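Content type mmCIF, C-alpha atoms, from the file upload05.cif:
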data_upload
loop_
_atom_site.label_atom_id
_atom_site.label_comp_id
_atom_site.auth_asym_id
_atom_site.auth_seq_id
_atom_site.Cartn_x
_atom_site.Cartn_y
_atom_site.Cartn_z
CA MET A 112 120.41 114.77 99.32
CA TYR A 113 118.40 116.03 102.27
CA LYS A 114 119.79 116.98 105.69
CA THR A 115 116.53 116.69 107.63
CA ILE A 116 113.76 114.23 106.78
CA LEU A 117 110.45 113.87 108.60
CA LEU A 118 109.09 110.32 108.32
CA PRO A 119 105.51 109.88 109.59
CA VAL A 120 104.80 106.27 110.51
CA ALA A 121 101.87 104.30 111.88
CA HIS A 122 103.29 101.65 114.17
CA ASP A 123 100.85 98.76 114.04
CA ALA A 124 100.71 95.18 112.84
CA GLU A 125 99.63 96.07 109.28
CA ASN A 126 102.50 98.44 108.56
CA ASN A 127 106.04 97.42 107.74
CA LEU A 128 108.48 100.22 108.52
CA VAL A 129 111.48 98.70 106.75
CA ALA A 130 110.69 99.93 103.21
CA PRO A 131 109.88 103.56 104.15
CA LEU A 132 112.98 103.73 106.34
CA GLU A 133 115.21 102.34 103.58
CA ILE A 134 113.85 104.90 101.08
CA THR A 135 114.44 107.65 103.63
CA LYS A 136 118.04 106.51 104.08
CA LEU A 137 118.55 106.68 100.30
CA LEU A 138 117.32 110.29 100.27
CA ALA A 139 119.37 111.32 103.29
CA ALA A 140 122.74 113.05 103.20
CA GLU A 141 125.55 111.38 105.14
CA ASP A 142 125.01 113.60 108.20
CA ALA A 143 121.22 113.80 107.88
CA GLN A 144 118.76 113.77 110.74
CA ILE A 145 115.77 111.45 110.29
CA ILE A 146 112.83 112.35 112.50
CA LEU A 147 110.20 109.67 113.03
CA VAL A 148 106.71 110.81 113.97
CA HIS A 149 104.42 108.09 115.23
CA VAL A 150 100.99 108.75 113.78
CA MET A 151 98.08 107.15 115.59
CA GLU A 152 94.36 107.46 115.88
CA VAL A 153 93.30 109.59 118.81
CA LEU A 154 91.83 107.49 121.60
CA PRO A 155 88.72 108.87 123.26
CA SER A 156 89.49 110.23 126.72
CA TYR A 157 87.26 107.63 128.38
CA ALA A 158 89.30 104.82 126.77
CA MET A 159 92.63 106.05 128.14
CA GLY A 160 91.54 104.93 131.59
CA TYR A 161 91.62 101.33 130.34
CA VAL A 162 95.16 101.50 128.92
CA SER A 163 97.69 100.54 131.56
CA VAL A 164 101.06 102.23 131.96
CA ASP A 165 102.70 98.83 131.28
CA ILE A 166 101.04 98.61 127.86
CA LEU A 167 102.08 102.16 126.96
CA GLN A 168 105.66 101.51 128.07
CA GLY A 169 105.76 98.15 126.24
CA THR A 170 104.53 99.78 123.05
CA ARG A 171 107.17 102.49 123.32
CA GLU A 172 109.95 99.95 123.92
CA GLY A 173 108.76 97.75 121.03
CA PHE A 174 108.81 100.72 118.71
CA GLN A 175 112.32 101.70 119.79
CA ASP A 176 113.57 98.12 119.33
CA GLU A 177 112.16 97.95 115.81
CA MET A 178 113.86 101.20 114.84
#
As structure tokens, how would this structure be written, given the file I've shared?
Amino acid sequence: MYKTILLPVAHDAENNLVAPLEITKLLAAEDAQIILVHVMEVLPSYAMGYVSVDILQGTREGFQDEM
């Protein structure tokens, strides 16, 4: 069993996080730390000006709720 597990995830509509998280839990020791790393495509700097703070916050909250 592992005490620290890094789980890279891509949080988007096509990916279901349930299966990878369940497998991670099976590999984890009772007192393990599971670290999720959200992997995403880098947005061009000019595009960031079009992404509102509300959308970024909503995405973050949605991800936290799913976990």
Asp142 (chain A) surroundings by all atoms listed in the file, 10 Å radius, close-in-sequence under 3 positions cut, as an mmCIF file with C-alpha atoms, in the frame of the given file:
data_model
loop_
_atom_site.group_PDB
_atom_site.id
_atom_site.type_symbol
_atom_site.label_atom_id
_atom_site.label_comp_id
_atom_site.auth_asym_id
_atom_site.auth_seq_id
_atom_site.Cartn_x
_atom_site.Cartn_y
_atom_site.Cartn_z
ATOM 1 C CA TYR A 113 118.400 116.030 102.270
ATOM 2 C CA LYS A 114 119.790 116.980 105.690
ATOM 3 C CA THR A 115 116.530 116.690 107.630
ATOM 4 C CA ALA A 139 119.370 111.320 103.290
ATOM 5 C CA ILE A 145 115.770 111.450 110.290
#
*Write out as a PyMOL selection string the residues lying within 12 Å of Ile116 (chain A), counting only C-alpha atoms and excluding same-chain residues fewer than 2 positions away.*
chain A and resi 112-114+118-119+131-132+134-140+142-148
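For the pair CA of Leu154 (chain A) and CA of Glu172 (chain A), the separation is 19.8 Å.
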_Selected residue of minimal separation from Ala121 (chain A) among A:Glu152, A:Glu141, A:Leu167, A:Met159, counting all atoms listed in the file_ = A:Glu152
*asked:* Please compute the CA of Leu128 (chain A)-CA of Gly173 (chain A) distance, one decimal, in Å.
replied: 12.8 Å
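Across the structure, CA of Arg171 (chain A) and CA of Asp123 (chain A) are spaced 11.8 Å apart.
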_For a quick check of understanding, using all atoms listed in the file, which of A:Asn127, A:Glu133, A:Tyr157, A:Met151 has the smallest distance to Glu177 (chain A)?_
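Closest residue, counting all atoms listed in the file: A:Asn127.
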*Using only C-alpha atoms, pick whichever of A:Gly169, A:Val162, A:Gln175, A:His149 has the shortest atom-to-atom distance to Leu117 (chain A).*
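Closest candidate: A:His149.
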